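What follows is a set of notes on a single structure, which appears directly below.
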Amino acid sequence: MMRIDKTMTGVALALALMLGGGVAMAAGTDAKAADPKAAEAAKVIEHAEMARKRAASVDGEWRDTAKFIKKARALAKEGKYDAAIKLAKKAKRQGELGYEQAVSQEKLRIPSYFQSYYSD
Amino acid sequence: MNKVIKSLVALALAGGVTMTAQASPEQDRAAFVKYYKDRFPEVPMEEYPNGVYAIDKVGRENWEAIEEFPPYEPFIDSGQEMWEKPFANGKTYKDCFPDGPAIAAKYPHWDKKKGMVVTLPLALNECRKANGEKPLKYKKGPINDLLAYIAYESRGQKIDVKIPEDDPRALEAYEKGKKFYFTRRGQLNFSCASCHLQNAGMRVRTEILSPSLGHVTHWPTYRSKWGTVGTLHRRFTGCNKNIRAKPFKAQGEQYRNLEYFLTYMSNGLKLNGPGSRK
């Protein structure tokens, strides 16, 4: 009995490691954790969060990105991996676009419709 | 000869373009004034503190009716009580602001020691903290009462923001505010300038876009939409959210620098707070 218990724990641990950080594991049952989509969801969510932070670091974060990530996490927790992945991808893209938007304007550019008002 | 002239002209034009990005605050302000005068030739300068009602005749009638029984009045009264009521340690705001309560035109200003732009709400909270009181929230709630009283007492004061030359960080803060103003943000990819400069006078949904000139003269403002008075930074937050950008922290560096720039643009205009708007 003792012996089996230990093995079981070992298997669960290995599984959790395989899934890359037992977030999904801790939240769901073994059946859910075994779903390969769980790993994918965890990964996309992590990447979305990285993209969001990168955008924020240049003051380029969009309004709903963090909300999407939060929602994606909740969906993954409920085992709704497809929905979670879809939303996290959207958030990731927002993070990337927000970052690009900010860095592409690194240099101040006075819009052309306004420039002529500088000359007298 | 012709070629030389051509290249000289090209150079001057190219120079002109970069020049505008590096223009001095006074050149920026002159350009703002000139731009709006060109767009709204019939609007005298002293009308700009009235915001959209300087350019929207229909909205103005409603507004004038509302101003007969100003919805912000109770907040002025409650602000006066706050101003006069001693802190737990027996001191009052007056101990922090000996010239008070009519101190609104002193803000925002560059604080060399702190190395940052200090706004009136920030200074009020610093006074509270120095006297062992809890700081007030910066967007909603009682800070607006206090600000309403100070604004009311400061009516008629002229905006005269300075960018001190003995500290290059002051101009840097101004430049950051200017950059913020012209930077497109959010999913809708709009800058403050897109709406309040480029499209001032145009309609978005049910609202007409006001000029940025005069944007800072009348805070806090009672908005029917809010059902109460709110701060300038609350308004910034709303405008950022509308374009689906994540708003910045009220009284954080970004909005303080933005306020520094915007208020400089309104130099010479008279304070007329608190205000009321749709």
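Residue numbering restarts at 1 for every chain of the structure tokens, chains are lettered A, B, ... in their displayed order, and ligands are numbered from 1 as they appear.
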
Could you give me the residues within region 52-140 of chain B that DSSP places in alpha helix (DSSP H), as a PyMOL selection string?
-> chain B and resi 57-68+73-84+93-96+120-130

Convert the current residue selection to file output with C-alpha atoms, as an mmCIF file, in the first residue's frame.
data_model
loop_
_atom_site.group_PDB
_atom_site.id
_atom_site.type_symbol
_atom_site.label_atom_id
_atom_site.label_comp_id
_atom_site.auth_asym_id
_atom_site.auth_seq_id
_atom_site.Cartn_x
_atom_site.Cartn_y
_atom_site.Cartn_z
ATOM 1 C CA LYS B 57 -24.161 76.804 -29.401
ATOM 2 C CA VAL B 58 -26.908 74.291 -28.661
ATOM 3 C CA GLY B 59 -25.008 72.589 -25.850
ATOM 4 C CA ARG B 60 -24.190 75.992 -24.477
ATOM 5 C CA GLU B 61 -27.812 76.910 -23.821
ATOM 6 C CA ASN B 62 -28.327 73.814 -21.715
ATOM 7 C CA TRP B 63 -25.100 74.415 -19.914
ATOM 8 C CA GLU B 64 -25.929 78.010 -19.086
ATOM 9 C CA ALA B 65 -29.239 76.874 -17.627
ATOM 10 C CA ILE B 66 -27.431 74.311 -15.486
ATOM 11 C CA GLU B 67 -24.876 76.870 -14.312
ATOM 12 C CA GLU B 68 -27.684 78.980 -12.855
ATOM 13 C CA GLU B 73 -22.095 73.984 -5.171
ATOM 14 C CA PRO B 74 -22.610 71.487 -2.318
ATOM 15 C CA PHE B 75 -19.116 70.183 -2.961
ATOM 16 C CA ILE B 76 -17.622 73.645 -2.529
ATOM 17 C CA ASP B 77 -19.335 73.942 0.854
ATOM 18 C CA SER B 78 -18.196 70.562 2.023
ATOM 19 C CA GLY B 79 -14.688 71.362 0.774
ATOM 20 C CA GLN B 80 -14.640 74.504 2.854
ATOM 21 C CA GLU B 81 -15.488 72.456 5.932
ATOM 22 C CA MET B 82 -12.648 70.091 5.112
ATOM 23 C CA TRP B 83 -10.281 73.008 4.652
ATOM 24 C CA GLU B 84 -11.180 74.506 7.995
ATOM 25 C CA TYR B 93 -4.371 72.822 5.517
ATOM 26 C CA LYS B 94 -3.592 76.472 6.066
ATOM 27 C CA ASP B 95 -0.425 75.431 7.915
ATOM 28 C CA CYS B 96 0.781 73.733 4.727
ATOM 29 C CA LEU B 120 -2.461 70.399 -6.451
ATOM 30 C CA PRO B 121 -4.022 67.042 -5.490
ATOM 31 C CA LEU B 122 -0.564 65.638 -4.849
ATOM 32 C CA ALA B 123 0.391 68.612 -2.681
ATOM 33 C CA LEU B 124 -2.851 68.267 -0.690
ATOM 34 C CA ASN B 125 -2.129 64.640 0.049
ATOM 35 C CA GLU B 126 1.439 65.439 1.019
ATOM 36 C CA CYS B 127 0.073 67.912 3.508
ATOM 37 C CA ARG B 128 -2.236 65.243 4.900
ATOM 38 C CA LYS B 129 0.545 62.683 5.195
ATOM 39 C CA ALA B 130 2.866 65.191 6.851
#

Specify as a ChimeraX atom specification all residues of chain B found within 10 Å of chain A, counting only C-alpha atoms.
-> /B:16-23,27-36,38,175-176,178-189,193-194,197-198,240-248,254

Convert the current residue selection to file output with C-alpha atoms, as a short mmCIF file (atom, residue, chain, number, x, y, z; two decimals), in the first residue's frame.
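Saved to out.cif:
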data_model
loop_
_atom_site.label_atom_id
_atom_site.label_comp_id
_atom_site.auth_asym_id
_atom_site.auth_seq_id
_atom_site.Cartn_x
_atom_site.Cartn_y
_atom_site.Cartn_z
CA GLY B 16 11.15 72.72 -40.34
CA VAL B 17 9.79 69.25 -39.76
CA THR B 18 12.33 68.29 -37.11
CA MET B 19 12.11 71.80 -35.69
CA THR B 20 8.50 71.26 -34.65
CA ALA B 21 9.39 68.20 -32.62
CA GLN B 22 12.08 70.20 -30.83
CA ALA B 23 10.16 73.42 -30.54
CA GLN B 27 6.63 77.89 -29.69
CA ASP B 28 4.33 74.97 -28.95
CA ARG B 29 1.87 77.22 -27.18
CA ALA B 30 1.93 79.80 -29.96
CA ALA B 31 1.23 77.03 -32.48
CA PHE B 32 -1.70 75.76 -30.40
CA VAL B 33 -3.24 79.21 -30.14
CA LYS B 34 -2.73 79.87 -33.84
CA TYR B 35 -4.21 76.52 -34.81
CA TYR B 36 -7.40 76.94 -32.80
CA ASP B 38 -7.59 79.35 -37.43
CA GLU B 175 8.58 67.09 -23.34
CA LYS B 176 7.32 63.79 -21.94
CA LYS B 178 3.94 66.64 -25.02
CA LYS B 179 5.04 63.26 -26.33
CA PHE B 180 2.19 61.62 -24.42
CA TYR B 181 -0.28 64.05 -25.96
CA PHE B 182 0.77 63.19 -29.51
CA THR B 183 1.22 59.43 -29.01
CA ARG B 184 -1.39 57.12 -30.43
CA ARG B 185 -2.58 54.54 -27.97
CA GLY B 186 -4.97 51.71 -27.44
CA GLN B 187 -6.75 49.39 -29.79
CA LEU B 188 -8.33 52.38 -31.56
CA ASN B 189 -4.92 53.96 -32.15
CA ALA B 193 -4.30 65.18 -30.48
CA SER B 194 -6.35 62.98 -32.82
CA LEU B 197 -6.58 68.93 -31.94
CA GLN B 198 -7.11 67.32 -35.34
CA ASN B 240 -7.71 56.68 -22.35
CA LYS B 241 -10.27 53.96 -21.73
CA ASN B 242 -12.48 55.19 -24.55
CA ILE B 243 -9.76 54.48 -27.06
CA ARG B 244 -9.21 51.09 -25.40
CA ALA B 245 -5.86 51.95 -23.91
CA LYS B 246 -5.03 50.90 -20.38
CA PRO B 247 -5.27 54.07 -18.33
CA PHE B 248 -2.34 55.18 -16.20
CA GLN B 254 2.62 60.06 -17.05
#

Name the residues in contact with region 69-81 of chain A at a cut-off of 6 Å, using only C-alpha atoms, excluding same-chain residues fewer than 6 positions from it; report them as a VMD selection string.
-> chain A and resid 27 37 41 87 to 88

Take the residues that were just selected and, keeping N, CA and C atoms, output them as a tab-separated table (two decimals), in the first residue's frame.
chain	number	residue	atom	x	y	z
A	27	ALA	N	-5.05	22.96	-10.29
A	27	ALA	CA	-6.42	23.42	-10.40
A	27	ALA	C	-7.38	22.28	-10.74
A	37	LYS	N	-4.23	19.63	-24.14
A	37	LYS	CA	-4.66	21.02	-24.34
A	37	LYS	C	-4.37	21.86	-23.10
A	41	ALA	N	-2.74	25.43	-23.23
A	41	ALA	CA	-3.40	26.61	-22.66
A	41	ALA	C	-2.45	27.33	-21.71
A	87	LEU	N	-8.74	32.89	-26.33
A	87	LEU	CA	-8.70	34.19	-25.67
A	87	LEU	C	-7.28	34.63	-25.37
A	88	ALA	N	-6.47	33.67	-24.93
A	88	ALA	CA	-5.08	34.00	-24.61
A	88	ALA	C	-4.32	34.43	-25.86

Could you check which of B:Pro98, B:Gly132, B:Gly156, B:Pro168 is closest to Asp111 (chain B), using only C-alpha atoms?
->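 Looking only at the distances to Asp111 (chain B), the closest residue turns out to be B:Pro168.
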